[in-house]
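A.B. asks: A single structure is presented below for examination.
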Amino acid sequence: MSVCPRSNPDKYSRVLTSGFRAVVPFVIALVIGGAVLLATGHNPLAFYQLLVRESFGGTDRIAATLSAATPLLFTGLATAIAFRAGVFNVGVEGGFVLGGLTGATVALHAGLLAGCVAGALAGVLVSALPAWLKARWNVDEVVTTLMSNFVVAGLTGWLVTAFLQAKGVANSATPLIPRSAWLPDLLPPYGLTSGVLIALVLVMLYAVWIKHSVLGYELRQTGLNPRFSAAQGIRVGRVIIVSMLISGAIAGLGGAAHALGVVHRFVDGFSPGYGFTGIAVALLGRNSAVGVVLGAVLFGALASAGTTAQLFSDIPLDIVDVLSGTVMVFAVIRLWRQR
Amino acid sequence: MSYLGGVSCEVMRTRLVPLSLVSVVALVAAGCSSETTPQAPPKKAALVIAQGGLGDESYNDLAMSGFTAATKEKGVEGQHIESSDVVAQGEQLLRRAGTSGYGLVIDLEFSHGEILPAIASSYPNVQWAFLNNKIDGPNIASVLFAEHDGSYLAGALAAMMTTQTGNPKINPDKKIGVIGGTKSVGIDKFLSGYIEGAKGVDQSVEVLTAYSDTFGDPTKGSQLAETMFQQGADIVYHVAGGTGAGVIEAAKKNNRYAIGVDDNQDKLAPGFVLTSVLKRADLAVRKVVEAYADNKFPGGQVINLGLADGAVGLTEFEFTKNEIPESVRTKVDDLKKKIISGELKVWNVIDQGYPTWLQG
């Protein structure tokens with residue numbers, strides 16, 4: 001962090017520094033990925049050029065990138081809020097998945113808005129127990145939130161096969177949500193859902209709230225030094241619970257938005273680990289609003305471009321996975337050096 | 001190398017209007033006297049890999065092997081596409097394939113069924129193929145497998161084998177079992193056929209059924225199979241993907257029989273896998289690619305693959321031939337012939353709903 005963060009020019013330079021810090025892991029990953037590409041007899045520059053084109057080269061590709069970034073905006077933001085309060089919440093995946101199932105099921109009967117609210121509530125439910133355990137008994141949240149992901153995975157699987165399975169569908173899935181309850185598309189026919197707007201609004205609210213509200217201040221202080229915060233009179237337990245519940249609500253809302261905007265039902269493979277990529281997004285973005293957006297767009301671009309790049313080259317998806325994985329690794333290493 | 005393909009396709013798109021004008025003129029000029037079609041671009045086909053990805057030693061790998069072989073044979077440029085998020089990326093991925101100069105896109109991912117008709121109609125010059133479900137559209141070919149027929153033969157075989165008490169792997173109880181991966185019509189199509197086949201041979205054979213609710217948990221498969229063996233079953237058929245590895249292992253451990261599915265699983269535990277109900281996704285993909293290469297793509301049609309094509313059926317009993325009496329094998333062959341000739345019609349849960357012998 002910069003030494004004196006108050007004056008205006010410094011503010012800009014801070015944005016620059018945080019931007020720079022987010023870019024460094026990415027550059028290192030490009031170099032390592034380039035070495036892998038060279039070693040396997042491919043031209044790295046040509047491939048990176050292809051990736052850029054497939055990420056941003058046209059309305060349809062930008063829509064695809066933003067669409068892939070949308071769930072990561074939700075999970076990245078949900079993770080960042082908890083991290084900001086010093087709670088290492090790795091249970092965003094579970095909140096996302098249960099939010100998705102709940103949203104898809106409620107929207108089926110009660111429409112779009114009810115689906116979104118129910119999804120957010122489901123996310124709150126997932127994060128509530130680990131939050132209380134952490135605040136009241138100081139139970140390690142990494143263990144409880146990680147395990148809650150498995151509980152949710154089992155629970156949703158059982159709920160779908162036992163009660164919610166769509167008739168006449170061969171794989172495990174809930175019925176298709178009626179079109180009236182879908183989140184509207186922004187750029188038809190490219191399938192970019194308005195969920196991205198919800199996510200961006202949330203990120204902006206977060207940026208303002210964390211800087212300018214009392215609770216935001218308490219959250220940051222608790223994250224920096226819980227014992228000092230307690231001595232200052234901040235009710236640390238309450239702050240931890242609030243941050244976890246907000247984190248859960250955003251995760252759940254993200255799941256509902258994904259169900260109502262993209263998949264239009266809950267189905268096998270609903271989340272390929274959005275919650276876990278969200279951790280990387282938050283780490284890469286240093287838990288800042290701008291950083292979360294950059295991180296989500298970066299991983300979204302890698303996901304969408306990595307897939308369609310296969311249409312134009314023989315380079316396997318695994319190389320793109322190497323790139324994403326390397327970015328994640330270096331994002332974590334930077335954080336560790338700072339603290 | 002081929003990443004420039006997209007650029008040339010942009011060019012192509014802008015040329016589309018004059019090109020189609022030219023072709024109309026050409027058609028009018030030629031009348032119906034000749035079969036010359038307007039100069040077609042080099043044929044390119046894409047295969048969209050389903051969840052589970054390549055390396056699943058099952059559906060995806062099987063389909064991929066058919067794709068590789070057929071594209072090579074027919075001189076079609078083939079490209080496969082994997083995605084770690086194939087469910088949510090479906091829309092963009094398929095649209096991108098539609099604008100990238102591919103003439104044929106084969107989609108293995110079941111969850112894309114609902115979005116495919118809209119996408120296919122946006123790209124009418126591309127042929128689309130979908131497996132395991134009937135999708136409507138003039139440029140979509142659907143491939144369905146008669147899994148119920150193959151399962152019927154497995155059920156008949158199991159019912160005849162469970163009375164062969166001279167065999168050390170067979171107990172006195174007239175019980176057999178079947179484990180489904182999940183309770184859904186796609187899986188119950190197998191189960192129903194299996195039960196019908198068993199009852200068709202011997203009404204008094206009891207068929208135990210269970211669902212593992214997962215396609216990737218061998219431990220659960222093993223536990224379910226153990227339970228069935230303890231209840232007196234001696235042959236257990238699995239329709240549960242990766243979970244089935246546990247069923248086969250349990251059969252080996254308990255000196256009983258398992259029946260495999262999809263690929264030839266007889267070799268996974270030689271002698272303990274009575275047979276496997278084959279479902280040749282490779283043949284399906286091969287057929288689609290060949291039809292496309294020969295300009296005979298069956299757009300708007302359903303390709304039904306069954307016993308007659310060898311796309312569905314039992315294995316050659318490579319390791320169990322000596323344990324299955326000649327008379328039993330002959331009977332299974334007879335039943336197969338009857339199904340192919342249409343004399344015997346096996347219940348299809350997908351078209352006909354649930355039969356009396358299986359709860360919906």
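Every chain in the structure tokens has a letter given in the order shown (A, B, ...), and although residue numbers restart at 1 in each chain, ligands are simply numbered from 1 in the order shown.
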Just list as an MDAnalysis selection string whatever in stretch 61-292 of chain B DSSP marks as strand (DSSP E or B).
C.D. replies: chainID B and resid 77:81 104:107 127:131 140:145 175:180 206:211 233:239 257:262 273:279
A.B. asks: Give me a file of those residues, with N, CA and C atoms, as a compact mmCIF listing (two decimals), in the first residue's frame.
C.D. replies:
# COMPACT_ATOMS: atom_id res chain seq x y z
N GLU B 77 -11.35 -31.42 -43.19
CA GLU B 77 -10.53 -30.82 -42.14
C GLU B 77 -11.31 -30.86 -40.82
N GLY B 78 -10.79 -31.57 -39.86
CA GLY B 78 -11.55 -31.76 -38.62
C GLY B 78 -10.90 -31.07 -37.44
N GLN B 79 -11.70 -30.49 -36.60
CA GLN B 79 -11.18 -29.81 -35.42
C GLN B 79 -12.12 -30.12 -34.25
N HIS B 80 -11.54 -30.46 -33.09
CA HIS B 80 -12.42 -30.68 -31.94
C HIS B 80 -12.30 -29.50 -30.98
N ILE B 81 -13.35 -29.26 -30.22
CA ILE B 81 -13.37 -28.14 -29.29
C ILE B 81 -13.76 -28.63 -27.92
N LEU B 104 -19.83 -28.29 -41.01
CA LEU B 104 -20.52 -29.27 -40.17
C LEU B 104 -20.07 -29.08 -38.73
N VAL B 105 -21.02 -29.02 -37.83
CA VAL B 105 -20.70 -28.96 -36.40
C VAL B 105 -21.45 -30.08 -35.70
N ILE B 106 -20.71 -30.98 -35.08
CA ILE B 106 -21.33 -32.08 -34.33
C ILE B 106 -21.23 -31.74 -32.85
N ASP B 107 -22.36 -31.74 -32.18
CA ASP B 107 -22.38 -31.36 -30.77
C ASP B 107 -22.68 -32.58 -29.91
N GLN B 127 -24.27 -27.26 -41.38
CA GLN B 127 -25.03 -28.44 -40.99
C GLN B 127 -24.69 -28.76 -39.54
N TRP B 128 -25.71 -29.09 -38.77
CA TRP B 128 -25.51 -29.36 -37.35
C TRP B 128 -25.95 -30.79 -37.06
N ALA B 129 -25.22 -31.44 -36.18
CA ALA B 129 -25.61 -32.80 -35.79
C ALA B 129 -25.63 -32.90 -34.28
N PHE B 130 -26.63 -33.58 -33.76
CA PHE B 130 -26.80 -33.70 -32.31
C PHE B 130 -27.03 -35.16 -31.96
N LEU B 131 -26.41 -35.59 -30.86
CA LEU B 131 -26.53 -36.99 -30.47
C LEU B 131 -27.47 -37.16 -29.27
N ILE B 140 -30.50 -29.63 -39.09
CA ILE B 140 -30.01 -30.39 -37.94
C ILE B 140 -30.32 -31.87 -38.15
N ALA B 141 -29.31 -32.70 -37.98
CA ALA B 141 -29.54 -34.15 -37.99
C ALA B 141 -29.40 -34.65 -36.56
N SER B 142 -30.36 -35.43 -36.13
CA SER B 142 -30.29 -36.00 -34.78
C SER B 142 -29.94 -37.48 -34.88
N VAL B 143 -29.12 -37.94 -33.98
CA VAL B 143 -28.77 -39.36 -33.97
C VAL B 143 -29.29 -39.98 -32.68
N LEU B 144 -30.11 -41.00 -32.82
CA LEU B 144 -30.63 -41.70 -31.64
C LEU B 144 -30.13 -43.14 -31.66
N PHE B 145 -29.87 -43.67 -30.49
CA PHE B 145 -29.43 -45.06 -30.38
C PHE B 145 -30.56 -45.90 -29.79
N LYS B 175 -32.16 -64.27 -9.32
CA LYS B 175 -32.18 -62.80 -9.20
C LYS B 175 -31.04 -62.19 -10.00
N ILE B 176 -31.32 -61.10 -10.68
CA ILE B 176 -30.28 -60.31 -11.33
C ILE B 176 -30.49 -58.85 -10.93
N GLY B 177 -29.54 -57.98 -11.27
CA GLY B 177 -29.67 -56.58 -10.85
C GLY B 177 -29.26 -55.61 -11.94
N VAL B 178 -29.65 -54.36 -11.75
CA VAL B 178 -29.23 -53.30 -12.66
C VAL B 178 -29.09 -52.00 -11.86
N ILE B 179 -28.02 -51.25 -12.16
CA ILE B 179 -27.77 -49.99 -11.46
C ILE B 179 -27.73 -48.86 -12.48
N GLY B 180 -28.61 -47.88 -12.31
CA GLY B 180 -28.64 -46.71 -13.20
C GLY B 180 -27.88 -45.56 -12.58
N GLU B 206 -36.28 -62.33 -10.86
CA GLU B 206 -36.47 -61.05 -10.18
C GLU B 206 -35.33 -60.10 -10.55
N VAL B 207 -35.67 -58.86 -10.91
CA VAL B 207 -34.64 -57.88 -11.27
C VAL B 207 -34.59 -56.79 -10.20
N LEU B 208 -33.46 -56.70 -9.50
CA LEU B 208 -33.27 -55.63 -8.51
C LEU B 208 -32.81 -54.37 -9.23
N THR B 209 -33.36 -53.21 -8.85
CA THR B 209 -32.92 -51.96 -9.47
C THR B 209 -32.44 -50.98 -8.41
N ALA B 210 -31.48 -50.16 -8.78
CA ALA B 210 -30.98 -49.11 -7.89
C ALA B 210 -30.40 -48.00 -8.74
N TYR B 211 -30.33 -46.80 -8.17
CA TYR B 211 -29.73 -45.67 -8.86
C TYR B 211 -28.59 -45.12 -8.00
N ALA B 233 -28.50 -61.49 -5.99
CA ALA B 233 -28.27 -61.30 -7.43
C ALA B 233 -26.90 -61.86 -7.79
N ASP B 234 -26.75 -62.38 -8.99
CA ASP B 234 -25.43 -62.85 -9.39
C ASP B 234 -24.92 -62.14 -10.64
N ILE B 235 -25.78 -61.40 -11.33
CA ILE B 235 -25.36 -60.64 -12.51
C ILE B 235 -25.89 -59.21 -12.36
N VAL B 236 -25.02 -58.22 -12.37
CA VAL B 236 -25.46 -56.83 -12.22
C VAL B 236 -25.00 -56.00 -13.42
N TYR B 237 -25.98 -55.39 -14.06
CA TYR B 237 -25.75 -54.54 -15.23
C TYR B 237 -25.64 -53.10 -14.74
N HIS B 238 -24.62 -52.37 -15.20
CA HIS B 238 -24.52 -50.97 -14.78
C HIS B 238 -24.71 -50.05 -15.97
N VAL B 239 -25.47 -48.99 -15.74
CA VAL B 239 -25.66 -47.93 -16.74
C VAL B 239 -25.29 -46.65 -16.03
N TYR B 257 -20.90 -61.78 -11.73
CA TYR B 257 -20.79 -61.15 -13.04
C TYR B 257 -21.27 -59.69 -13.00
N ALA B 258 -20.60 -58.86 -13.78
CA ALA B 258 -21.12 -57.53 -14.08
C ALA B 258 -21.41 -57.49 -15.58
N ILE B 259 -22.23 -56.53 -15.99
CA ILE B 259 -22.42 -56.27 -17.43
C ILE B 259 -22.05 -54.81 -17.66
N GLY B 260 -21.16 -54.58 -18.61
CA GLY B 260 -20.67 -53.24 -18.88
C GLY B 260 -21.57 -52.47 -19.83
N VAL B 261 -21.21 -51.23 -20.10
CA VAL B 261 -22.06 -50.38 -20.94
C VAL B 261 -21.21 -49.43 -21.79
N ASP B 262 -21.80 -48.96 -22.88
CA ASP B 262 -21.21 -48.00 -23.83
C ASP B 262 -20.05 -48.59 -24.63
N VAL B 273 -16.84 -59.78 -16.43
CA VAL B 273 -17.80 -58.95 -17.15
C VAL B 273 -18.43 -59.85 -18.20
N LEU B 274 -19.68 -60.23 -17.94
CA LEU B 274 -20.37 -61.21 -18.78
C LEU B 274 -20.41 -60.75 -20.23
N THR B 275 -20.76 -59.49 -20.40
CA THR B 275 -20.75 -58.86 -21.72
C THR B 275 -20.87 -57.36 -21.49
N SER B 276 -20.81 -56.57 -22.55
CA SER B 276 -21.07 -55.14 -22.44
C SER B 276 -22.11 -54.75 -23.47
N VAL B 277 -22.99 -53.84 -23.09
CA VAL B 277 -23.97 -53.32 -24.04
C VAL B 277 -23.32 -52.14 -24.76
N LEU B 278 -22.96 -52.38 -26.00
CA LEU B 278 -22.23 -51.36 -26.75
C LEU B 278 -23.14 -50.25 -27.23
N LYS B 279 -22.61 -49.05 -27.19
CA LYS B 279 -23.30 -47.91 -27.79
C LYS B 279 -22.22 -47.14 -28.52
A.B. asks: For chain A versus chain B, which residues have an atom no more than 8 Å away, and what is each residue's nearest atom pair and distance in Å rounded to one decimal, using only C-alpha atoms, chain-then-number order, as JSON lines?
C.D. replies:
{"residue": "A:Leu50", "atom": "CA", "partner": "B:Tyr3", "partner_atom": "CA", "distance": 6.9}
{"residue": "A:Asp60", "atom": "CA", "partner": "B:Gln92", "partner_atom": "CA", "distance": 7.8}
{"residue": "A:Ala64", "atom": "CA", "partner": "B:Gln92", "partner_atom": "CA", "distance": 5.9}
{"residue": "A:Ala68", "atom": "CA", "partner": "B:Gln89", "partner_atom": "CA", "distance": 7.4}
{"residue": "A:Gly157", "atom": "CA", "partner": "B:Asp213", "partner_atom": "CA", "distance": 7.7}
{"residue": "A:Trp158", "atom": "CA", "partner": "B:Asp213", "partner_atom": "CA", "distance": 7.6}
{"residue": "A:Thr161", "atom": "CA", "partner": "B:Lys183", "partner_atom": "CA", "distance": 6.7}
{"residue": "A:Gln165", "atom": "CA", "partner": "B:Ser184", "partner_atom": "CA", "distance": 7.9}
{"residue": "A:Lys167", "atom": "CA", "partner": "B:Ser184", "partner_atom": "CA", "distance": 7.5}
{"residue": "A:Gly168", "atom": "CA", "partner": "B:Val185", "partner_atom": "CA", "distance": 5.7}
{"residue": "A:Val169", "atom": "CA", "partner": "B:Val185", "partner_atom": "CA", "distance": 6.5}
{"residue": "A:Ala170", "atom": "CA", "partner": "B:Gly186", "partner_atom": "CA", "distance": 4.0}
{"residue": "A:Asn171", "atom": "CA", "partner": "B:Ser184", "partner_atom": "CA", "distance": 6.8}
{"residue": "A:Ser172", "atom": "CA", "partner": "B:Thr182", "partner_atom": "CA", "distance": 7.2}
{"residue": "A:Tyr190", "atom": "CA", "partner": "B:Gln92", "partner_atom": "CA", "distance": 6.6}
{"residue": "A:Gly191", "atom": "CA", "partner": "B:Glu91", "partner_atom": "CA", "distance": 6.7}
{"residue": "A:Val262", "atom": "CA", "partner": "B:Ala88", "partner_atom": "CA", "distance": 6.2}
{"residue": "A:Val263", "atom": "CA", "partner": "B:Ala88", "partner_atom": "CA", "distance": 6.0}
{"residue": "A:Val267", "atom": "CA", "partner": "B:Ser111", "partner_atom": "CA", "distance": 7.9}
{"residue": "A:Gly269", "atom": "CA", "partner": "B:Val87", "partner_atom": "CA", "distance": 6.6}
{"residue": "A:Phe270", "atom": "CA", "partner": "B:Val87", "partner_atom": "CA", "distance": 6.9}
{"residue": "A:Ser271", "atom": "CA", "partner": "B:Asp85", "partner_atom": "CA", "distance": 7.7}
{"residue": "A:Pro272", "atom": "CA", "partner": "B:Asp85", "partner_atom": "CA", "distance": 5.7}
{"residue": "A:Ala303", "atom": "CA", "partner": "B:Ser84", "partner_atom": "CA", "distance": 7.8}
{"residue": "A:Ser304", "atom": "CA", "partner": "B:Gln89", "partner_atom": "CA", "distance": 7.4}
{"residue": "A:Gly306", "atom": "CA", "partner": "B:Ser83", "partner_atom": "CA", "distance": 7.9}
{"residue": "A:Thr307", "atom": "CA", "partner": "B:Ser83", "partner_atom": "CA", "distance": 5.4}
{"residue": "A:Thr308", "atom": "CA", "partner": "B:Leu93", "partner_atom": "CA", "distance": 6.3}
{"residue": "A:Ala309", "atom": "CA", "partner": "B:Tyr3", "partner_atom": "CA", "distance": 8.0}
{"residue": "A:Gln310", "atom": "CA", "partner": "B:Ile81", "partner_atom": "CA", "distance": 5.6}
{"residue": "A:Leu311", "atom": "CA", "partner": "B:Gln79", "partner_atom": "CA", "distance": 6.3}
{"residue": "A:Phe312", "atom": "CA", "partner": "B:Tyr3", "partner_atom": "CA", "distance": 4.2}
{"residue": "A:Ser313", "atom": "CA", "partner": "B:Tyr3", "partner_atom": "CA", "distance": 5.6}
{"residue": "A:Asp314", "atom": "CA", "partner": "B:Gln79", "partner_atom": "CA", "distance": 7.6}
{"residue": "A:Leu317", "atom": "CA", "partner": "B:Glu82", "partner_atom": "CA", "distance": 6.6}
A.B. asks: Give me, as a PyMOL selection string, all polymer residues having an atom no more than 12 Å from A:Ala231, counting only C-alpha atoms and skipping those fewer than 6 positions away in the same chain.
C.D. replies: chain A and resi 221-222+225
A.B. asks: Taking 3 positions as the minimum chain separation for residues in the same chain, which residues sit within 9 Å of stretch 243-254 of chain A when counting only C-alpha atoms? Answer as number ranges by chain.
C.D. replies: A: 70-85, 87, 89, 91-100, 102-103, 115-128, 130-131, 195, 199, 202, 219, 238-240, 257-259, 275
A.B. asks: Can you write out the residues you just picked, keeping C-alpha atoms, as a PDB file, in the first residue's frame?
C.D. replies:
ATOM      1  CA  THR A  70     -20.086 -12.285 -15.429  1.00  0.00           C
ATOM      2  CA  PRO A  71     -20.144 -15.212 -12.982  1.00  0.00           C
ATOM      3  CA  LEU A  72     -16.563 -14.346 -12.046  1.00  0.00           C
ATOM      4  CA  LEU A  73     -17.552 -10.760 -11.277  1.00  0.00           C
ATOM      5  CA  PHE A  74     -20.057 -12.096  -8.763  1.00  0.00           C
ATOM      6  CA  THR A  75     -17.781 -14.710  -7.213  1.00  0.00           C
ATOM      7  CA  GLY A  76     -14.728 -12.419  -7.302  1.00  0.00           C
ATOM      8  CA  LEU A  77     -16.649  -9.640  -5.567  1.00  0.00           C
ATOM      9  CA  ALA A  78     -18.162 -12.025  -3.018  1.00  0.00           C
ATOM     10  CA  THR A  79     -14.692 -13.332  -2.212  1.00  0.00           C
ATOM     11  CA  ALA A  80     -13.144  -9.853  -2.077  1.00  0.00           C
ATOM     12  CA  ILE A  81     -15.655  -8.603   0.490  1.00  0.00           C
ATOM     13  CA  ALA A  82     -14.899 -11.479   2.841  1.00  0.00           C
ATOM     14  CA  PHE A  83     -11.143 -11.168   2.260  1.00  0.00           C
ATOM     15  CA  ARG A  84     -11.355  -7.437   3.016  1.00  0.00           C
ATOM     16  CA  ALA A  85     -12.679  -8.312   6.467  1.00  0.00           C
ATOM     17  CA  VAL A  87     -12.151 -13.804   6.467  1.00  0.00           C
ATOM     18  CA  ASN A  89     -14.031 -17.417   2.641  1.00  0.00           C
ATOM     19  CA  GLY A  91     -17.248 -21.176   0.211  1.00  0.00           C
ATOM     20  CA  VAL A  92     -18.419 -18.845  -2.556  1.00  0.00           C
ATOM     21  CA  GLU A  93     -18.681 -21.832  -4.889  1.00  0.00           C
ATOM     22  CA  GLY A  94     -21.281 -23.396  -2.614  1.00  0.00           C
ATOM     23  CA  GLY A  95     -23.270 -20.173  -2.370  1.00  0.00           C
ATOM     24  CA  PHE A  96     -23.201 -19.816  -6.152  1.00  0.00           C
ATOM     25  CA  VAL A  97     -24.407 -23.370  -6.733  1.00  0.00           C
ATOM     26  CA  LEU A  98     -27.198 -23.323  -4.139  1.00  0.00           C
ATOM     27  CA  GLY A  99     -28.192 -19.844  -5.329  1.00  0.00           C
ATOM     28  CA  GLY A 100     -28.403 -21.231  -8.853  1.00  0.00           C
ATOM     29  CA  THR A 102     -32.839 -22.042  -5.651  1.00  0.00           C
ATOM     30  CA  GLY A 103     -33.105 -19.247  -8.206  1.00  0.00           C
ATOM     31  CA  GLY A 115     -35.835 -16.066  -8.258  1.00  0.00           C
ATOM     32  CA  CYS A 116     -33.047 -13.529  -7.773  1.00  0.00           C
ATOM     33  CA  VAL A 117     -34.058 -12.760  -4.181  1.00  0.00           C
ATOM     34  CA  ALA A 118     -34.356 -16.443  -3.339  1.00  0.00           C
ATOM     35  CA  GLY A 119     -30.953 -17.107  -4.870  1.00  0.00           C
ATOM     36  CA  ALA A 120     -29.354 -14.393  -2.757  1.00  0.00           C
ATOM     37  CA  LEU A 121     -31.049 -15.758   0.366  1.00  0.00           C
ATOM     38  CA  ALA A 122     -29.786 -19.244  -0.427  1.00  0.00           C
ATOM     39  CA  GLY A 123     -26.265 -17.823  -0.641  1.00  0.00           C
ATOM     40  CA  VAL A 124     -26.741 -16.154   2.746  1.00  0.00           C
ATOM     41  CA  LEU A 125     -27.856 -19.479   4.149  1.00  0.00           C
ATOM     42  CA  VAL A 126     -24.680 -21.195   2.943  1.00  0.00           C
ATOM     43  CA  SER A 127     -22.384 -18.590   4.487  1.00  0.00           C
ATOM     44  CA  ALA A 128     -24.335 -18.120   7.732  1.00  0.00           C
ATOM     45  CA  PRO A 130     -19.372 -20.691   8.888  1.00  0.00           C
ATOM     46  CA  ALA A 131     -19.804 -16.976   9.697  1.00  0.00           C
ATOM     47  CA  GLY A 195     -26.566 -10.158 -15.262  1.00  0.00           C
ATOM     48  CA  ALA A 199     -22.643  -7.434 -11.273  1.00  0.00           C
ATOM     49  CA  LEU A 202     -22.690  -4.277  -7.269  1.00  0.00           C
ATOM     50  CA  LEU A 219     -14.555  -3.977   7.626  1.00  0.00           C
ATOM     51  CA  ARG A 238     -20.457  -8.548  14.003  1.00  0.00           C
ATOM     52  CA  VAL A 239     -18.270  -7.241  11.190  1.00  0.00           C
ATOM     53  CA  ILE A 240     -17.147 -10.756  10.310  1.00  0.00           C
ATOM     54  CA  ALA A 257     -28.272 -14.627 -12.403  1.00  0.00           C
ATOM     55  CA  HIS A 258     -26.341 -17.423 -14.077  1.00  0.00           C
ATOM     56  CA  ALA A 259     -29.375 -19.707 -13.937  1.00  0.00           C
ATOM     57  CA  GLY A 275     -16.273 -19.837  -6.931  1.00  0.00           C
TER      58      GLY A 275
END
A.B. asks: So how far away is atom CA of A:Ser194 from atom CA of A:Ala63, in Å?
C.D. replies: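 Here the two named atoms are 11.1 Å from each other.
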A.B. asks: Extract, using only C-alpha atoms, all DNA, RNA and protein residues at most 10 Å from A:Ile210, discarding same-chain residues fewer than 2 positions from it, and format them as a PyMOL selection string.
C.D. replies: chain A and resi 81+84+205-208+212-220+288-289
A.B. asks: Determine the nearest neighbour of B:Asp149 from the options B:Ala251, B:Val346, B:Ala308, B:Val285, counting only C-alpha atoms.
C.D. replies: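 Result for the nearest residue to B:Asp149: B:Val346.
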A.B. asks: Which residue gives the smallest distance to B:Lys43 among B:Val126, B:Leu335, B:Leu358, B:Val247, with only C-alpha atoms counted?
C.D. replies: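 Of B:Val126, B:Leu335, B:Leu358, B:Val247, the one nearest B:Lys43 is B:Val126, counting only C-alpha atoms.
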A.B. asks: Which residue out of A:Ile279, A:Val52, A:Ala69, A:Val332 has the minimum interatomic distance to A:Val293 when only C-alpha atoms are used?
C.D. replies: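 Closest to A:Val293 of all the choices is A:Ala69.
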